[in-house]
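S.K.: Data file upload_1.cif (mmCIF, C-alpha atoms and all ligand atoms) is appended below.
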```cif
data_upload
#
loop_
_atom_site.label_atom_id
_atom_site.label_comp_id
_atom_site.auth_asym_id
_atom_site.auth_seq_id
_atom_site.Cartn_x
_atom_site.Cartn_y
_atom_site.Cartn_z
CA MET A 182 0.00 0.00 0.00
CA ALA A 183 1.16 3.52 -0.78
CA SER A 184 2.29 5.85 1.98
CA PRO A 185 -0.05 8.66 3.05
CA ILE A 186 -0.43 11.35 0.44
CA GLN A 187 0.67 14.89 1.26
CA LEU A 188 -1.96 17.20 -0.15
CA PRO A 189 -1.68 20.99 -0.05
CA ILE A 190 -3.42 22.83 2.80
CA ILE A 191 -4.84 26.13 1.60
CA ASP A 192 -5.66 29.26 3.57
CA ILE A 193 -9.01 30.54 2.26
CA SER A 194 -9.28 33.56 4.57
CA ASP A 195 -8.93 35.87 1.53
CA PRO A 196 -11.13 34.39 -1.20
CA LEU A 197 -10.11 37.08 -3.70
CA ASN A 198 -6.39 36.43 -3.66
CA PRO A 199 -5.38 35.33 -7.18
CA ALA A 200 -2.16 33.64 -6.02
CA VAL A 201 -4.15 31.43 -3.65
CA GLY A 202 -6.57 30.74 -6.50
CA LYS A 203 -3.67 29.49 -8.63
CA ASP A 204 -2.42 27.19 -5.84
CA MET A 205 -5.90 25.80 -5.38
CA LEU A 206 -6.36 25.27 -9.10
CA ASP A 207 -3.03 23.44 -9.33
CA ALA A 208 -4.15 21.06 -6.58
CA ALA A 209 -7.55 20.60 -8.26
CA ILE A 210 -5.83 19.68 -11.54
CA LYS A 211 -3.14 17.48 -10.03
CA TYR A 212 -4.94 15.66 -7.22
CA GLY A 213 -8.61 16.65 -7.35
CA PHE A 214 -8.24 16.90 -3.55
CA PHE A 215 -6.83 19.51 -1.14
CA TYR A 216 -7.39 20.68 2.41
CA VAL A 217 -8.49 24.10 3.56
CA HIS A 218 -7.62 25.44 6.98
CA GLY A 219 -10.46 25.67 9.46
CA LYS A 220 -9.04 29.06 10.45
CA GLY A 221 -10.22 31.45 7.76
CA SER A 222 -13.14 29.18 6.86
CA ASP A 223 -16.62 30.02 8.17
CA PHE A 224 -16.62 27.31 10.88
CA SER A 225 -15.67 27.35 14.53
CA ALA A 226 -14.50 24.18 16.28
CA ALA A 227 -17.63 24.34 18.46
CA GLU A 228 -19.91 24.32 15.41
CA VAL A 229 -18.13 21.33 13.93
CA ASP A 230 -18.11 19.48 17.28
CA SER A 231 -21.79 20.01 17.91
CA THR A 232 -22.65 18.77 14.41
CA PHE A 233 -20.73 15.56 15.07
CA ASP A 234 -22.54 15.26 18.43
CA LEU A 235 -25.85 15.52 16.61
CA SER A 236 -24.78 12.86 14.13
CA LYS A 237 -23.80 10.52 16.97
CA LYS A 238 -27.11 11.13 18.64
CA PHE A 239 -28.97 10.25 15.44
CA PHE A 240 -27.12 7.02 14.71
CA ALA A 241 -27.58 5.87 18.32
CA LEU A 242 -31.38 6.05 17.95
CA PRO A 243 -33.28 2.76 17.73
CA ASN A 244 -33.88 1.64 14.15
CA GLU A 245 -37.67 2.12 14.49
CA GLU A 246 -37.02 5.83 15.03
CA LYS A 247 -34.65 6.08 12.06
CA GLU A 248 -37.09 4.11 9.90
CA LYS A 249 -39.35 7.19 9.97
CA CYS A 250 -36.92 8.99 7.74
CA ARG A 251 -35.74 6.14 5.50
CA ILE A 252 -34.21 7.35 2.24
CA ARG A 253 -36.40 7.63 -0.87
CA THR A 254 -35.74 8.33 -4.50
CA ASP A 255 -35.23 12.03 -3.76
CA ASN A 256 -31.92 11.03 -2.06
CA ARG A 257 -33.03 12.45 1.32
CA GLY A 258 -33.14 10.55 4.57
CA TRP A 259 -31.49 7.62 6.32
CA SER A 260 -29.89 4.62 4.69
CA GLY A 261 -28.90 1.67 6.82
CA MET A 262 -26.36 -0.91 5.78
CA HIS A 263 -25.81 -2.14 2.24
CA SER A 264 -28.49 -0.07 0.57
CA GLU A 265 -25.93 1.84 -1.47
CA ILE A 266 -23.45 -0.06 -3.61
CA LEU A 267 -20.92 2.42 -4.93
CA ASP A 268 -18.65 -0.02 -6.73
CA PRO A 269 -20.87 -2.88 -7.91
CA GLU A 270 -18.19 -4.41 -10.13
CA HIS A 271 -15.82 -5.13 -7.25
CA GLN A 272 -18.00 -5.44 -4.18
CA ARG A 273 -19.84 -8.60 -3.42
CA ASN A 274 -19.46 -9.45 0.25
CA GLN A 275 -22.24 -8.66 2.73
CA LEU A 276 -19.87 -6.51 4.74
CA ASN A 277 -19.25 -4.10 1.93
CA GLU A 278 -20.71 -0.66 2.35
CA GLU A 279 -20.60 -1.13 6.10
CA LYS A 280 -21.88 2.32 6.72
CA ARG A 281 -24.95 4.28 7.64
CA ALA A 282 -25.86 7.67 6.24
CA LEU A 283 -28.35 10.44 6.81
CA ASN A 284 -28.84 12.89 3.93
CA PHE A 285 -30.38 16.32 4.39
CA GLY A 286 -31.69 18.03 1.27
CA GLU A 287 -32.76 21.60 0.76
CA PHE A 288 -34.49 24.00 3.14
CA LYS A 289 -37.55 25.98 2.08
CA ASN A 290 -38.66 28.83 4.32
CA GLY A 291 -36.26 27.55 6.97
CA LYS A 292 -37.71 24.01 6.90
CA LEU A 293 -36.27 20.77 5.63
CA GLN A 294 -38.42 19.13 2.97
CA GLN A 295 -38.18 15.66 4.52
CA PRO A 296 -39.30 13.91 7.73
CA LEU A 297 -37.00 14.04 10.76
CA PRO A 298 -37.09 11.69 13.75
CA PRO A 299 -38.48 13.47 16.87
CA ALA A 300 -35.02 13.50 18.50
CA LEU A 301 -33.69 15.68 15.69
CA GLU A 302 -36.65 18.03 15.33
CA PRO A 303 -35.39 20.53 17.93
CA HIS A 304 -32.11 20.71 15.98
CA GLU A 305 -33.51 21.65 12.59
CA GLY A 306 -32.19 25.20 13.05
CA ASP A 307 -28.71 23.87 13.90
CA ILE A 308 -28.69 21.75 10.76
CA LYS A 309 -29.74 24.79 8.73
CA HIS A 310 -27.01 26.88 10.34
CA PHE A 311 -24.36 24.27 9.52
CA THR A 312 -25.65 24.03 5.93
CA ASN A 313 -25.36 27.81 5.60
CA LEU A 314 -21.77 27.68 6.80
CA CYS A 315 -21.03 24.93 4.28
CA ASN A 316 -22.44 27.11 1.51
CA LYS A 317 -20.36 30.08 2.66
CA THR A 318 -17.12 28.12 2.78
CA ALA A 319 -17.95 26.45 -0.53
CA ALA A 320 -18.39 29.96 -1.99
CA ARG A 321 -14.85 30.88 -0.84
CA VAL A 322 -13.48 27.79 -2.54
CA MET A 323 -15.47 28.45 -5.72
CA ARG A 324 -14.30 32.07 -5.89
CA LEU A 325 -10.70 30.93 -5.59
CA LEU A 326 -11.13 28.21 -8.23
CA ALA A 327 -12.70 30.79 -10.54
CA LEU A 328 -9.73 33.13 -10.00
CA GLY A 329 -7.37 30.27 -10.76
CA LEU A 330 -9.35 29.61 -13.95
CA GLU A 331 -9.13 33.33 -14.84
CA ILE A 332 -12.89 33.82 -15.01
CA ASP A 333 -15.29 36.09 -13.09
CA PRO A 334 -14.86 35.14 -9.40
CA GLU A 335 -18.68 35.04 -9.11
CA PHE A 336 -19.13 32.61 -12.03
CA PHE A 337 -19.71 29.50 -9.87
CA VAL A 338 -21.17 31.32 -6.87
CA THR A 339 -24.11 32.81 -8.79
CA ARG A 340 -24.80 29.42 -10.38
CA HIS A 341 -24.96 27.83 -6.91
CA ASP A 342 -27.06 30.55 -5.27
CA ALA A 343 -29.84 28.63 -3.50
CA SER A 344 -31.87 31.82 -3.08
CA ARG A 345 -32.48 31.68 -6.84
CA GLY A 346 -33.91 28.16 -7.04
CA SER A 347 -33.44 24.50 -6.12
CA THR A 348 -30.10 22.73 -6.08
CA GLY A 349 -29.11 19.12 -5.48
CA CYS A 350 -26.93 20.08 -2.47
CA ILE A 351 -26.82 17.44 0.26
CA LEU A 352 -25.48 17.57 3.80
CA ARG A 353 -24.66 14.02 4.86
CA PHE A 354 -23.87 12.46 8.23
CA LEU A 355 -21.94 9.20 7.92
CA TYR A 356 -21.27 6.51 10.48
CA TYR A 357 -19.02 3.51 9.89
CA PRO A 358 -19.02 1.05 12.78
CA SER A 359 -15.63 -0.27 13.88
CA ILE A 360 -14.34 -3.58 12.74
CA ASN A 361 -15.06 -5.15 16.13
CA SER A 362 -18.72 -4.39 16.11
CA PRO A 363 -20.79 -7.58 15.77
CA ALA A 364 -21.93 -6.67 12.26
CA SER A 365 -18.38 -6.56 10.95
CA SER A 366 -16.92 -9.61 12.70
CA SER A 367 -16.60 -11.65 9.49
CA TYR A 368 -14.39 -9.00 7.92
CA GLN A 369 -12.01 -10.06 5.11
CA HIS A 370 -9.57 -7.32 4.43
CA ASP A 371 -9.02 -7.92 0.74
CA ILE A 372 -12.64 -7.40 -0.19
CA ASP A 373 -14.29 -5.54 2.65
CA VAL A 374 -14.35 -1.77 2.53
CA ARG A 375 -16.42 0.77 4.36
CA ALA A 376 -17.38 2.70 1.23
CA GLY A 377 -16.52 1.41 -2.24
CA ALA A 378 -14.43 3.16 -4.85
CA HIS A 379 -16.36 6.06 -6.32
CA SER A 380 -16.15 9.67 -7.39
CA ASP A 381 -18.59 12.30 -6.17
CA TYR A 382 -21.38 13.57 -8.38
CA GLY A 383 -21.51 17.29 -7.64
CA THR A 384 -19.17 20.23 -8.17
CA ILE A 385 -17.19 20.28 -4.94
CA THR A 386 -17.41 18.24 -1.74
CA LEU A 387 -16.49 19.38 1.78
CA LEU A 388 -15.46 16.59 4.18
CA PHE A 389 -15.17 16.96 7.95
CA GLN A 390 -13.31 14.24 9.82
CA ARG A 391 -12.57 13.49 13.46
CA PRO A 392 -9.09 13.07 14.97
CA GLY A 393 -8.20 9.39 15.36
CA GLN A 394 -10.82 8.21 12.85
CA PRO A 395 -8.96 7.78 9.53
CA GLY A 396 -9.99 5.59 6.61
CA LEU A 397 -10.23 7.73 3.45
CA GLU A 398 -8.00 6.68 0.55
CA ILE A 399 -7.60 8.15 -2.93
CA LEU A 400 -6.60 6.42 -6.13
CA THR A 401 -3.30 7.91 -7.27
CA ALA A 402 -2.04 8.36 -10.82
CA ASP A 403 0.04 5.15 -10.55
CA GLY A 404 -3.06 3.15 -9.67
CA SER A 405 -2.28 2.64 -5.97
CA TRP A 406 -4.47 3.61 -3.02
CA ALA A 407 -3.01 6.35 -0.81
CA PRO A 408 -4.39 7.04 2.66
CA VAL A 409 -5.40 10.65 3.27
CA PRO A 410 -4.47 11.69 6.82
CA VAL A 411 -7.21 13.28 8.91
CA TRP A 412 -4.76 15.78 10.30
CA PRO A 413 -1.84 16.22 7.87
CA GLU A 414 1.58 16.89 9.34
CA ALA A 415 2.09 20.18 7.54
CA ALA A 416 -0.93 21.52 9.42
CA ALA A 417 1.21 21.55 12.54
CA GLY A 418 3.32 24.44 11.21
CA GLY A 419 2.07 27.90 10.30
CA ILE A 420 -1.64 28.26 10.87
CA LYS A 421 -2.83 26.43 13.97
CA ASP A 422 -6.21 24.90 13.36
CA ASP A 423 -8.40 23.84 16.24
CA PHE A 424 -10.19 21.14 14.26
CA PRO A 425 -8.86 18.98 11.41
CA PRO A 426 -8.62 20.88 8.13
CA ILE A 427 -11.62 20.51 5.82
CA LEU A 428 -10.90 18.20 2.91
CA ILE A 429 -12.23 19.46 -0.42
CA ASN A 430 -12.57 17.39 -3.55
CA ILE A 431 -13.68 18.05 -7.08
CA GLY A 432 -16.77 16.13 -8.17
CA ASP A 433 -17.72 14.73 -11.57
CA MET A 434 -19.94 17.64 -12.44
CA LEU A 435 -17.13 20.19 -12.12
CA SER A 436 -14.78 17.88 -14.00
CA PHE A 437 -17.38 17.58 -16.75
CA TRP A 438 -18.00 21.34 -16.74
CA THR A 439 -14.27 22.07 -17.13
CA ASN A 440 -13.88 19.54 -19.90
CA GLY A 441 -11.83 17.26 -17.66
CA LEU A 442 -9.27 19.92 -16.64
CA LEU A 443 -10.23 19.66 -12.97
CA LYS A 444 -9.87 16.14 -11.69
CA SER A 445 -12.64 14.15 -10.07
CA THR A 446 -10.58 11.60 -8.19
CA ILE A 447 -11.76 8.15 -7.23
CA HIS A 448 -11.75 7.51 -3.49
CA ARG A 449 -12.98 4.97 -0.95
CA VAL A 450 -13.18 4.45 2.80
CA VAL A 451 -11.45 1.45 4.36
CA PHE A 452 -10.83 0.06 7.79
CA PRO A 453 -7.50 1.71 8.69
CA LEU A 454 -4.47 -0.51 8.12
CA ALA A 455 -3.68 -0.86 11.81
CA GLU A 456 -7.10 -2.36 12.37
CA ARG A 457 -6.80 -4.85 9.55
CA SER A 458 -4.99 -7.53 11.55
CA PRO A 459 -6.54 -10.47 13.34
CA ALA A 460 -8.12 -9.36 16.60
CA GLY A 461 -5.67 -9.25 19.46
CA THR A 462 -2.42 -9.15 17.48
CA GLU A 463 -2.01 -5.39 17.69
CA ALA A 464 -2.32 -4.65 21.35
CA ASP A 465 -2.09 -0.88 20.88
CA THR A 466 -4.71 -0.65 18.19
CA LYS A 467 -8.15 0.23 19.32
CA PRO A 468 -10.62 -0.10 16.47
CA GLN A 469 -12.54 3.11 16.07
CA ASP A 470 -15.95 3.87 14.75
CA ARG A 471 -15.67 6.51 12.07
CA TYR A 472 -17.99 9.48 11.80
CA SER A 473 -17.73 11.95 8.96
CA VAL A 474 -19.83 14.88 7.82
CA VAL A 475 -19.95 15.64 4.12
CA PHE A 476 -21.43 18.49 2.11
CA PHE A 477 -22.00 17.82 -1.56
CA CYS A 478 -22.24 21.07 -3.47
CA HIS A 479 -24.39 21.23 -6.60
CA PRO A 480 -25.31 24.08 -8.94
CA LEU A 481 -28.90 25.23 -9.45
CA ASN A 482 -30.92 22.45 -11.07
CA ASP A 483 -31.38 24.30 -14.34
CA CYS A 484 -27.74 25.39 -14.63
CA ASN A 485 -26.44 24.28 -18.02
CA LEU A 486 -23.07 22.52 -17.94
CA VAL A 487 -22.63 22.83 -21.69
CA PRO A 488 -20.75 24.71 -23.10
CA PRO A 489 -17.88 24.28 -20.61
CA VAL A 490 -16.73 26.92 -18.14
CA PRO A 491 -15.47 29.88 -20.25
CA SER A 492 -11.89 29.76 -19.03
CA PRO A 493 -8.89 30.19 -21.32
CA LEU A 494 -7.28 27.34 -19.39
CA VAL A 495 -10.18 25.01 -20.10
CA ALA A 496 -10.08 25.95 -23.77
CA ALA A 497 -6.32 25.48 -23.94
CA ALA A 498 -6.36 22.15 -22.13
CA GLY A 499 -8.09 20.46 -25.07
CA VAL A 500 -8.90 17.37 -23.02
CA GLU A 501 -10.67 14.71 -25.04
CA ALA A 502 -13.83 14.27 -23.05
CA SER A 503 -14.61 10.68 -23.96
CA ARG A 504 -14.91 9.57 -20.33
CA VAL A 505 -15.31 12.84 -18.48
CA GLY A 506 -18.02 12.33 -15.90
CA PHE A 507 -16.89 8.93 -14.59
CA GLY A 508 -19.64 6.60 -13.53
CA GLY A 509 -22.59 8.55 -14.80
CA GLY A 510 -22.45 7.67 -18.44
CA ALA A 511 -22.47 11.39 -19.13
CA GLY A 512 -20.39 10.76 -22.19
CA SER A 513 -18.63 13.28 -24.29
CA LEU A 514 -19.34 16.97 -24.02
CA LYS A 515 -19.20 17.13 -27.78
CA GLU A 516 -22.20 14.85 -28.15
CA ARG A 517 -24.50 17.11 -26.19
CA SER A 518 -25.71 20.59 -26.86
CA SER A 519 -27.17 20.87 -23.37
CA MET A 520 -26.92 19.10 -20.00
CA THR A 521 -28.46 20.64 -16.90
CA ALA A 522 -27.12 19.96 -13.42
CA LYS A 523 -30.38 18.14 -12.61
CA GLU A 524 -30.13 15.90 -15.69
CA TYR A 525 -26.54 15.12 -14.80
CA LEU A 526 -27.36 14.24 -11.18
CA ASP A 527 -30.29 12.04 -12.19
CA LEU A 528 -27.97 10.05 -14.45
CA ARG A 529 -25.52 9.49 -11.60
CA LEU A 530 -28.12 8.62 -9.00
CA SER A 531 -29.88 6.08 -11.18
CA ALA A 532 -26.53 4.31 -11.67
CA THR A 533 -25.90 4.07 -7.90
CA TYR A 534 -29.37 3.51 -6.54
CA GLY A 535 -31.00 1.65 -9.42
CA GLU A 536 -32.88 -0.69 -7.10
CA ARG A 537 -34.13 1.82 -4.59
CA GLU A 538 -37.54 2.38 -6.14
CA LYS A 539 -38.35 -1.23 -5.34
CA VAL A 540 -37.44 -0.95 -1.62
O1 LIG A 601 -16.59 9.29 4.94
C1 LIG A 601 -15.78 9.67 4.13
O2 LIG A 601 -14.65 9.93 4.44
C2 LIG A 601 -16.04 9.85 2.67
C3 LIG A 601 -17.44 9.67 2.26
C4 LIG A 601 -17.58 9.82 0.79
O3 LIG A 601 -16.64 9.76 0.05
C5 LIG A 601 -18.92 10.06 0.23
O4 LIG A 601 -19.92 9.96 0.97
O5 LIG A 601 -18.99 10.39 -0.96
FE FE A 602 -17.17 10.50 -1.87
#
```
Could you show the structure in this file as structure tokens?
M.R.:
Amino acid sequence: MASPIQLPIIDISDPLNPAVGKDMLDAAIKYGFFYVHGKGSDFSAAEVDSTFDLSKKFFALPNEEKEKCRIRTDNRGWSGMHSEILDPEHQRNQLNEEKRALNFGEFKNGKLQQPLPPALEPHEGDIKHFTNLCNKTAARVMRLLALGLEIDPEFFVTRHDASRGSTGCILRFLYYPSINSPASSSYQHDIDVRAGAHSDYGTITLLFQRPGQPGLEILTADGSWAPVPVWPEAAAGGIKDDFPPILINIGDMLSFWTNGLLKSTIHRVVFPLAERSPAGTEADTKPQDRYSVVFFCHPLNDCNLVPPVPSPLVAAAGVEASRVGFGGGAGSLKERSSMTAKEYLDLRLSATYGEREKV
């Protein structure tokens, strides 16, 4: 297995700094992944902590409670184990996709458009607040990417402005039980993963992780899997964050929209290496549950992704778009005169959740 990858950590406190935009763009082209410091983002450690507390509270509820908000075709709600197969070609064992998720969709007049279990109802405002912060920090990142691309810094922000219509944005709580939990006791490390290899569907994704709960890996250019540290070493120097830096990745839609210039990198979540040994042989290793909080950013539903982003860099890149938009069958940009964000997302979701309508 590859050693942990060292991704750049970017200070987004000034979202109109062109030099920072260039650094961010370089990382988006090279890795499709980078961190941003919590300092200079819109989040405080307390806001991140309390969101993880809420997630823990939700997943600890009895299943009958969670059943009330089971996920439907609109991609909102709770999914228990094995209801999402991200990598159907390679996953076959029952333990695959050993994760639980709760997806929150859009708010209208301050209200979520989906049922919540009673335990979460008093926290609807907190969830809205956290979603707003995600949108604000995403806007910083999008302004910087636009600067890097040498286009109007508001290009992406106006096309993601939820006050102008509906978007496919999702805030997601994830919970992966540890390897020692009864459900995962038949674990086989060569085929069992927590979340299968996939790329994200939207434009950018924000990922919040907890110290001591690693597991994310990205597929590198040489075809090996590289672990992505929760708290990268470089973060220790310079800016002192009080929660792990936020990991940002480019999704398929932004890759498609930039004609493949920005990279949508395949990633997965595994049981950390130290845990993948027979129980009892690694005395120091305490298997950990993993909680993560993810925000998938999507443009307005009717935003047209064709023609591509009007950047001289996109035009100059001349990427042949035969497989841009991995996984969704989006095909070549050249074959389509129009593709809205909603059409694109529907293509991706039907590939991942094909069976859900029958549940
Ligand atoms: O939990 C994680 O670290 C990543 C989750 C993820 O990649 C996803 O939900 O798309
Ligand atoms: Fe992902």
S.K.: Ligand LIG 601 (chain A): which residues are within 10 Å, counting all atoms listed in the file? Reply as a PyMOL selection string.
M.R.: chain A and resi 267+280+282+284+352-357+375-383+386-391+394-399+409+411+428+430+432+447-451+471-477
S.K.: Could you check the closest approach to ligand FE 602 (chain A) for each of A:Asp470, A:Asp483, A:Asp433, A:Asp223 and tell me which residue wins, using only C-alpha atoms and all ligand atoms?
M.R.: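 The shortest atom-to-atom distance to ligand FE 602 (chain A) comes from A:Asp433.
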S.K.: Could you check which of A:Leu330, A:Cys484, A:Ala300, A:Leu242 is closest to Met205 of chain A, using all atoms listed in the file?
M.R.: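 Comparing A:Leu330, A:Cys484, A:Ala300, A:Leu242 against Met205 of chain A, the winner is A:Leu330.
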S.K.: Which residues come within 9 Å of segment 523-528 of chain A, counting all atoms listed in the file, excluding same-chain residues fewer than 5 positions away, as number ranges by chain?
M.R.: A: 348-349, 382-383, 434, 479-484, 486, 509-511
S.K.: Filtering to C-alpha atoms, could you give me those residues as a PDB file, keeping the file's coordinate frame?
M.R.:
```pdb
ATOM      1  CA  THR A 348     -30.100  22.730  -6.080  1.00  0.00           C
ATOM      2  CA  GLY A 349     -29.110  19.120  -5.480  1.00  0.00           C
ATOM      3  CA  TYR A 382     -21.380  13.570  -8.380  1.00  0.00           C
ATOM      4  CA  GLY A 383     -21.510  17.290  -7.640  1.00  0.00           C
ATOM      5  CA  MET A 434     -19.940  17.640 -12.440  1.00  0.00           C
ATOM      6  CA  HIS A 479     -24.390  21.230  -6.600  1.00  0.00           C
ATOM      7  CA  PRO A 480     -25.310  24.080  -8.940  1.00  0.00           C
ATOM      8  CA  LEU A 481     -28.900  25.230  -9.450  1.00  0.00           C
ATOM      9  CA  ASN A 482     -30.920  22.450 -11.070  1.00  0.00           C
ATOM     10  CA  ASP A 483     -31.380  24.300 -14.340  1.00  0.00           C
ATOM     11  CA  CYS A 484     -27.740  25.390 -14.630  1.00  0.00           C
ATOM     12  CA  LEU A 486     -23.070  22.520 -17.940  1.00  0.00           C
ATOM     13  CA  GLY A 509     -22.590   8.550 -14.800  1.00  0.00           C
ATOM     14  CA  GLY A 510     -22.450   7.670 -18.440  1.00  0.00           C
ATOM     15  CA  ALA A 511     -22.470  11.390 -19.130  1.00  0.00           C
TER      16      ALA A 511
END
```
S.K.: Restricting the calculation to all atoms listed in the file: of A:Pro334, A:Ser445, A:Thr401, A:Pro358, which residue gets closest to Pro468 of chain A?
M.R.: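 Ranked by minimum distance to Pro468 of chain A, first place goes to A:Pro358.
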S.K.: Which residues, protein or nucleic acid, reach to within 9 Å of (-1.5, 8.6, -1.8) in the file's coordinates when using only C-alpha atoms, and can you give that as a ChimeraX atom specification?
M.R.: /A:182-188,398-401,405-409
S.K.: Return the single residue from A:Glu246, A:Asp230, A:Asp204, A:Glu287 that is closest to Leu326 of chain A, with distances computed using only C-alpha atoms.
M.R.: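 For Leu326 of chain A, the nearest of the candidates is A:Asp204.
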S.K.: Have a look at atom CA of Leu442 of chain A and atom CA of Ala209 of chain A and let me know their distance in Å, one decimal.
M.R.: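 Those two atoms sit 8.6 Å apart.
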S.K.: Report the distance between atom CA of Ala343 of chain A and atom CA of Val322 of chain A in Å, rounded to one decimal place.
M.R.: 16.4 Å
S.K.: Which residue, A:Arg345, A:Ala522, A:Gly306, A:Thr446, has the smallest gap to ligand FE 602 (chain A) when you use all atoms listed in the file?
M.R.: A:Thr446
S.K.: Considering only C-alpha atoms, tabulate each residue of segment 353-438 of chain A that lies at most 7 Å from segment 210-218 of chain A along with its nearest interatomic pair and the corresponding distance in Å to one decimal; arrange the rows by chain and ascending residue number and present them as a Markdown table.
M.R.:
```
| residue | atom | partner | partner_atom | distance |
| --- | --- | --- | --- | --- |
| A:Asp422 | CA | A:His218 | CA | 6.6 |
| A:Pro426 | CA | A:His218 | CA | 4.8 |
| A:Ile427 | CA | A:Val217 | CA | 5.3 |
| A:Leu428 | CA | A:Tyr216 | CA | 4.3 |
| A:Ile429 | CA | A:Phe215 | CA | 5.4 |
| A:Asn430 | CA | A:Phe214 | CA | 4.4 |
| A:Ile431 | CA | A:Gly213 | CA | 5.3 |
```
